[in-house]
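Next up, final_14.cif (mmCIF, C-alpha atoms):
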```cif
data_entry
loop_
_atom_site.label_atom_id
_atom_site.label_comp_id
_atom_site.auth_asym_id
_atom_site.auth_seq_id
_atom_site.Cartn_x
_atom_site.Cartn_y
_atom_site.Cartn_z
CA ASP A 18 99.02 47.60 86.50
CA GLN A 19 98.25 45.58 83.40
CA GLN A 20 94.75 46.66 82.43
CA VAL A 21 94.70 44.59 79.24
CA LYS A 22 96.08 41.06 79.39
CA GLN A 23 96.81 38.48 76.76
CA ASN A 24 97.75 35.43 78.76
CA SER A 25 98.97 33.28 75.90
CA PRO A 26 102.36 34.47 74.63
CA SER A 27 102.13 32.11 71.66
CA LEU A 28 99.70 29.96 69.72
CA SER A 29 100.29 27.41 66.97
CA VAL A 30 97.48 26.43 64.60
CA GLN A 31 97.21 24.20 61.56
CA GLU A 32 96.51 25.94 58.25
CA GLY A 33 92.81 25.90 57.46
CA ARG A 34 91.74 25.51 61.09
CA ILE A 35 90.33 28.18 63.40
CA SER A 36 92.67 30.44 65.40
CA ILE A 37 91.26 31.85 68.64
CA LEU A 38 93.15 34.60 70.41
CA ASN A 39 92.00 35.76 73.83
CA CYS A 40 92.19 39.00 75.75
CA ASP A 41 91.02 40.05 79.22
CA TYR A 42 90.66 43.52 80.65
CA THR A 43 90.14 44.90 84.12
CA ASN A 44 89.01 48.50 83.55
CA SER A 45 85.21 48.59 83.28
CA MET A 46 85.45 52.08 81.74
CA PHE A 47 86.82 50.63 78.50
CA ASP A 48 84.13 50.75 75.84
CA TYR A 49 86.03 50.33 72.59
CA PHE A 50 88.26 47.40 71.72
CA LEU A 51 90.59 46.77 68.81
CA TRP A 52 92.83 44.05 67.44
CA TYR A 53 96.09 44.87 65.69
CA LYS A 54 98.40 42.58 63.76
CA LYS A 55 102.14 43.15 63.71
CA TYR A 56 104.85 41.70 61.51
CA PRO A 57 108.53 41.94 62.56
CA ALA A 58 110.12 45.35 61.90
CA GLU A 59 106.75 46.89 61.00
CA GLY A 60 104.19 48.92 62.86
CA PRO A 61 100.90 47.43 64.06
CA THR A 62 98.14 47.22 61.45
CA PHE A 63 94.50 47.64 62.43
CA LEU A 64 92.42 44.49 61.94
CA ILE A 65 89.01 44.83 63.51
CA SER A 66 87.28 46.67 66.33
CA ILE A 67 84.16 46.41 68.46
CA SER A 68 82.20 48.86 70.54
CA SER A 69 80.83 47.84 73.91
CA ILE A 70 77.27 48.19 72.62
CA LYS A 71 77.86 45.09 70.49
CA ASP A 72 78.90 41.56 71.36
CA LYS A 73 80.12 40.51 67.93
CA ASN A 74 81.67 42.09 64.88
CA GLU A 75 82.64 40.25 61.72
CA ASP A 76 84.88 41.22 58.82
CA GLY A 77 85.69 38.50 56.34
CA ARG A 78 87.71 35.77 58.04
CA PHE A 79 87.97 37.80 61.25
CA THR A 80 85.35 37.91 64.01
CA VAL A 81 85.69 39.59 67.37
CA PHE A 82 83.49 38.56 70.29
CA LEU A 83 83.00 40.70 73.40
CA ASN A 84 81.74 39.38 76.74
CA LYS A 85 81.33 42.47 78.91
CA SER A 86 80.28 40.62 82.05
CA ALA A 87 83.45 38.54 81.92
CA LYS A 88 85.56 41.46 80.66
CA HIS A 89 86.82 39.19 77.92
CA LEU A 90 87.18 39.43 74.19
CA SER A 91 88.40 37.03 71.58
CA LEU A 92 89.48 37.16 67.96
CA HIS A 93 88.55 34.25 65.70
CA ILE A 94 90.33 33.73 62.40
CA VAL A 95 88.84 31.12 60.11
CA PRO A 96 90.22 29.60 58.04
CA SER A 97 93.76 30.36 59.20
CA GLN A 98 96.30 31.06 56.48
CA PRO A 99 100.13 31.12 56.54
CA GLY A 100 100.09 34.90 56.05
CA ASP A 101 98.25 35.21 59.36
CA SER A 102 101.45 34.30 61.20
CA ALA A 103 102.25 37.46 63.19
CA VAL A 104 101.96 38.97 66.65
CA TYR A 105 98.41 40.00 67.55
CA PHE A 106 97.73 42.79 70.01
CA CYS A 107 94.48 43.46 71.75
CA ALA A 108 93.90 47.14 72.66
CA ALA A 109 91.23 49.03 74.55
CA SER A 110 90.21 52.62 75.03
CA VAL A 111 87.59 54.81 76.61
CA GLN A 112 85.67 56.61 73.87
CA GLY A 113 86.46 60.25 74.10
CA ALA A 114 89.97 59.43 75.28
CA GLN A 115 92.50 58.92 72.58
CA LYS A 116 95.11 56.67 74.10
CA LEU A 117 95.06 52.96 73.45
CA VAL A 118 95.98 50.47 76.18
CA PHE A 119 97.62 47.40 74.67
CA GLY A 120 98.01 43.83 75.83
CA GLN A 121 101.38 42.10 75.68
CA GLY A 122 100.64 40.35 72.40
CA THR A 123 100.21 36.74 71.24
CA ARG A 124 102.51 35.30 68.60
CA LEU A 125 100.40 33.25 66.19
CA THR A 126 102.10 30.66 64.00
CA ILE A 127 100.14 28.96 61.23
CA ASN A 128 101.64 25.62 60.27
CA PRO A 129 101.20 24.26 56.73
CA ASN B 20 98.38 58.03 49.99
CA ALA B 21 101.63 57.57 51.90
CA GLY B 22 101.34 56.07 55.33
CA VAL B 23 102.84 57.31 58.57
CA MET B 24 106.55 57.91 58.12
CA GLN B 25 109.11 57.59 60.87
CA ASN B 26 112.81 58.27 60.73
CA PRO B 27 115.31 57.15 61.40
CA ARG B 28 114.29 53.50 61.42
CA HIS B 29 117.26 52.60 63.57
CA LEU B 30 119.15 54.89 65.92
CA VAL B 31 122.16 54.09 68.06
CA ARG B 32 123.15 56.47 70.82
CA ARG B 33 125.72 56.32 73.60
CA ARG B 34 124.60 56.89 77.16
CA GLY B 35 124.22 60.60 77.84
CA GLN B 36 123.56 61.61 74.23
CA GLU B 37 120.32 62.99 72.85
CA ALA B 38 117.93 61.07 70.63
CA ARG B 39 115.50 62.77 68.22
CA LEU B 40 112.78 60.67 66.63
CA ARG B 41 110.66 62.11 63.84
CA CYS B 42 107.15 61.26 62.72
CA SER B 43 105.27 62.53 59.68
CA PRO B 44 101.56 61.71 59.96
CA MET B 45 99.40 60.59 57.10
CA LYS B 46 98.20 63.37 54.83
CA GLY B 47 95.20 65.11 56.34
CA HIS B 48 95.86 63.75 59.84
CA SER B 49 96.40 66.34 62.55
CA HIS B 50 96.45 64.01 65.56
CA VAL B 51 99.67 62.22 66.52
CA TYR B 52 100.34 59.62 69.21
CA TRP B 53 103.63 58.19 70.44
CA TYR B 54 103.94 54.71 71.93
CA ARG B 55 106.94 52.80 73.27
CA GLN B 56 107.42 49.04 73.10
CA LEU B 57 109.96 47.42 75.36
CA PRO B 58 111.21 43.93 74.41
CA GLU B 59 108.56 41.22 74.85
CA GLU B 60 105.96 43.76 75.95
CA GLY B 61 102.99 45.52 74.43
CA LEU B 62 102.95 49.10 73.28
CA LYS B 63 102.65 51.72 76.02
CA PHE B 64 101.06 55.10 75.36
CA MET B 65 103.36 58.07 75.86
CA VAL B 66 101.80 61.24 74.49
CA TYR B 67 99.01 62.58 72.27
CA LEU B 68 99.47 65.79 70.32
CA GLN B 69 97.54 67.95 67.95
CA LYS B 70 99.17 70.65 65.86
CA GLU B 71 101.11 72.91 68.26
CA ASN B 72 99.40 71.41 71.32
CA ILE B 73 100.13 68.59 73.75
CA ILE B 74 96.76 67.11 74.66
CA ASP B 75 97.69 64.16 76.89
CA GLU B 76 101.20 63.43 78.13
CA SER B 77 100.17 61.09 80.93
CA GLY B 78 102.47 58.33 79.66
CA MET B 79 105.59 60.43 79.30
CA PRO B 80 108.40 60.01 81.84
CA LYS B 81 108.65 63.19 83.89
CA GLU B 82 112.28 63.86 83.03
CA ARG B 83 114.39 63.80 79.87
CA PHE B 84 111.46 63.17 77.49
CA SER B 85 109.64 65.82 75.49
CA ALA B 86 107.45 65.91 72.40
CA GLU B 87 106.26 68.53 69.97
CA PHE B 88 104.13 68.75 66.85
CA PRO B 89 104.81 72.12 65.25
CA LYS B 90 102.56 73.91 62.80
CA GLU B 91 104.92 72.93 60.00
CA GLY B 92 106.99 69.78 59.86
CA PRO B 93 106.99 66.44 61.60
CA SER B 94 106.30 65.58 65.20
CA ILE B 95 109.48 65.14 67.25
CA LEU B 96 110.02 62.91 70.27
CA ARG B 97 113.16 64.02 72.05
CA ILE B 98 115.03 62.04 74.68
CA GLN B 99 117.83 63.83 76.47
CA GLN B 100 120.73 62.10 78.23
CA VAL B 101 119.65 58.65 77.10
CA VAL B 102 120.14 55.64 79.37
CA ARG B 103 120.21 51.93 78.54
CA GLY B 104 116.61 51.55 79.74
CA ASP B 105 115.48 53.87 76.92
CA SER B 106 116.36 51.15 74.38
CA ALA B 107 113.04 50.24 72.79
CA ALA B 108 110.94 50.55 69.66
CA TYR B 109 109.13 53.87 69.46
CA PHE B 110 105.99 53.94 67.35
CA CYS B 111 104.10 56.93 66.10
CA ALA B 112 100.45 56.79 65.03
CA SER B 113 98.18 59.36 63.47
CA SER B 114 94.44 59.78 63.09
CA PRO B 115 92.21 62.18 61.15
CA ASP B 116 90.16 63.09 64.19
CA PRO B 117 90.16 62.55 67.97
CA GLY B 118 89.23 59.00 68.83
CA GLY B 119 89.55 57.95 65.20
CA GLU B 120 91.33 54.83 64.04
CA GLN B 121 95.06 55.16 64.63
CA TYR B 122 97.43 54.30 61.79
CA PHE B 123 100.90 53.29 62.90
CA GLY B 124 104.27 54.00 61.39
CA PRO B 125 107.03 51.37 61.10
CA GLY B 126 108.74 52.50 64.29
CA THR B 127 112.19 53.71 65.29
CA ARG B 128 114.38 51.20 67.08
CA LEU B 129 116.56 53.03 69.58
CA THR B 130 119.60 51.26 70.96
CA VAL B 131 121.57 52.88 73.75
CA THR B 132 125.10 51.55 74.18
#
```
What would you get if you wrote out this structure as structure tokens?
Amino acid sequence: DQQVKQNSPSLSVQEGRISILNCDYTNSMFDYFLWYKKYPAEGPTFLISISSIKDKNEDGRFTVFLNKSAKHLSLHIVPSQPGDSAVYFCAASVQGAQKLVFGQGTRLTINP
Amino acid sequence: NAGVMQNPRHLVRRRGQEARLRCSPMKGHSHVYWYRQLPEEGLKFMVYLQKENIIDESGMPKERFSAEFPKEGPSILRIQQVVRGDSAAYFCASSPDPGGEQYFGPGTRLTVT
């Protein structure tokens, strides 16, 4: 059972424009959500997180939005830069539990 | 401050051999997590350990797989009698406290021939 889903395997965006990556989840017990970025042959790197008590969290060019009623979150990157080209993973957890449940990932390509 | 270290980075084993994957957490981190990533899939939780204790092994296959995090030395993920389906990238993460942000190592890519 795929509790965290990223339905777009890939996304291509022009440099300077906004990148929007989406993630859906099914487990209503999840209350903490994270985005990780992964380059080839490297481990995932933490980007930004959000607790279920918030609906938005911003850090520089990265903003995560959470819609609890729709069980949906999104990551906005603006403006997109070539170095943002990577695979992005959405992850979720239940606070108090330590394991992260990951989506399948979305490969983002930023075109010059 | 060195990050999470994993070795080897690449490991090739024949079917039936044993694979040992090592993970040294970040300095000051006493919580270690192992995840497995099959091709074209996301990372799947395997096991969570604290020093000398297995806290959650709900993602570990029931047979052939074991993990430890001794008082001294790295955490070890051990796979006995490997099969082709064990071929994957194995990632270790560490955190300073339970539920804290997890920092990932570069992974060990296991290939079973």
For Met65 of chain B, the nearest of the candidates B:Arg83, B:Pro93, B:Cys111, B:Arg128, counting only C-alpha atoms:
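Residue with the minimum atom-to-atom distance to Met65 of chain B: B:Cys111.
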Assuming the chain letters and numbering stay as they are in my file, what does the PyMOL selection byres ((chain A) within 12 of (chain B)) actually select? List them as a PyMOL selection string.
chain A and resi 18-23+26-27+48-67+104-124
I'd like to know which of A:Ile70, A:Leu38, A:Ala103, A:Leu83 is closest to Leu125 of chain A, using all atoms listed in the file.
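Checking each of A:Ile70, A:Leu38, A:Ala103, A:Leu83 against Leu125 of chain A, counting all atoms listed in the file, the winner is A:Ala103.
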Kindly give the distance, in Å, that separates atom CA of Gln31 of chain A and atom CA of Pro129 of chain A, rounded to a single decimal.
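Pair atom CA of Gln31 of chain A / atom CA of Pro129 of chain A returns 6.3 Å.
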Evaluated on this file, the PyMOL selection byres ((chain B and resi 26) around 7) picks out some residues - which ones are they, written as a count of residues only?
8
Quick one: distance from atom CA of Arg34 of chain B to atom CA of Phe88 of chain B in Å, one decimal?
25.8 Å
Would you kindly identify which residues have an atom no farther than 10 Å from (119.9, 52.9, 79.9), using all atoms listed in the file and the file's own coordinates, and write them out as a PyMOL selection string?
chain B and resi 33-35+100-106+130-132
Output the residue selection produced by the PyMOL selection byres ((chain B and resi 89) around 6) on the file above, formatted as an mmCIF file with C-alpha atoms, in the coordinates of the input.
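As written to disk, out.cif reads:
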```cif
data_model
loop_
_atom_site.group_PDB
_atom_site.id
_atom_site.type_symbol
_atom_site.label_atom_id
_atom_site.label_comp_id
_atom_site.auth_asym_id
_atom_site.auth_seq_id
_atom_site.Cartn_x
_atom_site.Cartn_y
_atom_site.Cartn_z
ATOM 1 C CA LYS B 70 99.170 70.650 65.860
ATOM 2 C CA GLU B 71 101.110 72.910 68.260
ATOM 3 C CA PHE B 88 104.130 68.750 66.850
ATOM 4 C CA LYS B 90 102.560 73.910 62.800
ATOM 5 C CA GLU B 91 104.920 72.930 60.000
#
```
Contacts of Asp76 of chain A within 12 Å, all atoms listed in the file, excl. fewer than 2 positions in-chain, as a PyMOL selection string:
chain A and resi 64-67+73-74+78-82+92-95
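Here atom CA of Gly92 of chain B is placed at a distance of 7.5 Å from atom CA of Ser43 of chain B.
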Would you kindly identify which residues have an atom no farther than 8 Å from (118.8, 63.5, 73.1), using only C-alpha atoms and the file's own coordinates, and write them out as a list in words?
Gly35, Gln36, Glu37, Ala38, Arg39, Arg97, Ile98, Gln99, Gln100 and Val101 of chain B
Using all atoms listed in the file, determine which residues lie at most 7 Å from Ser102 of chain A, disregarding the query and same-chain residues fewer than 3 positions distant; provide the list as number ranges by chain.
A: 99, 125-127
Put the listed atoms of segment 120-132 of chain B in a box along x, y and z with 6 Å added on every side and give me the centre and edge lengths in Å to one decimal, as AutoDock Vina command-line options.
```
--center_x 108.2 --center_y 53.2 --center_z 67.6 --size_x 45.8 --size_y 16.0 --size_z 25.1
```
Could I see segment 89-104 of chain A restored to N, CA and C atoms, set down as an mmCIF file, in the coordinates of the input?
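Result file is out.cif:
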```
data_model
loop_
_atom_site.group_PDB
_atom_site.id
_atom_site.type_symbol
_atom_site.label_atom_id
_atom_site.label_comp_id
_atom_site.auth_asym_id
_atom_site.auth_seq_id
_atom_site.Cartn_x
_atom_site.Cartn_y
_atom_site.Cartn_z
ATOM 1 N N HIS A 89 86.026 40.079 78.768
ATOM 2 C CA HIS A 89 86.820 39.190 77.920
ATOM 3 C C HIS A 89 86.448 39.408 76.465
ATOM 4 N N LEU A 90 87.467 39.435 75.614
ATOM 5 C CA LEU A 90 87.180 39.430 74.190
ATOM 6 C C LEU A 90 88.087 38.434 73.487
ATOM 7 N N SER A 91 87.628 38.003 72.336
ATOM 8 C CA SER A 91 88.400 37.030 71.580
ATOM 9 C C SER A 91 88.347 37.382 70.102
ATOM 10 N N LEU A 92 89.388 36.990 69.411
ATOM 11 C CA LEU A 92 89.480 37.160 67.960
ATOM 12 C C LEU A 92 89.520 35.772 67.338
ATOM 13 N N HIS A 93 88.585 35.508 66.415
ATOM 14 C CA HIS A 93 88.550 34.250 65.700
ATOM 15 C C HIS A 93 88.978 34.493 64.255
ATOM 16 N N ILE A 94 89.882 33.659 63.789
ATOM 17 C CA ILE A 94 90.330 33.730 62.400
ATOM 18 C C ILE A 94 90.024 32.374 61.772
ATOM 19 N N VAL A 95 89.165 32.414 60.732
ATOM 20 C CA VAL A 95 88.840 31.120 60.110
ATOM 21 C C VAL A 95 88.548 31.332 58.626
ATOM 22 N N PRO A 96 89.152 30.547 57.731
ATOM 23 C CA PRO A 96 90.220 29.600 58.040
ATOM 24 C C PRO A 96 91.563 30.310 58.187
ATOM 25 N N SER A 97 92.433 29.761 58.989
ATOM 26 C CA SER A 97 93.760 30.360 59.200
ATOM 27 C C SER A 97 94.633 30.107 57.973
ATOM 28 N N GLN A 98 95.424 31.139 57.648
ATOM 29 C CA GLN A 98 96.300 31.060 56.480
ATOM 30 C C GLN A 98 97.740 31.355 56.913
ATOM 31 N N PRO A 99 98.728 30.878 56.160
ATOM 32 C CA PRO A 99 100.130 31.120 56.540
ATOM 33 C C PRO A 99 100.456 32.603 56.737
ATOM 34 N N GLY A 100 99.844 33.464 55.924
ATOM 35 C CA GLY A 100 100.090 34.900 56.050
ATOM 36 C C GLY A 100 99.543 35.506 57.333
ATOM 37 N N ASP A 101 98.765 34.725 58.082
ATOM 38 C CA ASP A 101 98.250 35.210 59.360
ATOM 39 C C ASP A 101 99.297 35.111 60.470
ATOM 40 N N SER A 102 100.393 34.432 60.205
ATOM 41 C CA SER A 102 101.450 34.300 61.200
ATOM 42 C C SER A 102 102.018 35.682 61.515
ATOM 43 N N ALA A 103 101.867 36.115 62.768
ATOM 44 C CA ALA A 103 102.250 37.460 63.190
ATOM 45 C C ALA A 103 102.022 37.549 64.699
ATOM 46 N N VAL A 104 102.325 38.700 65.259
ATOM 47 C CA VAL A 104 101.960 38.970 66.650
ATOM 48 C C VAL A 104 100.668 39.774 66.653
#
```
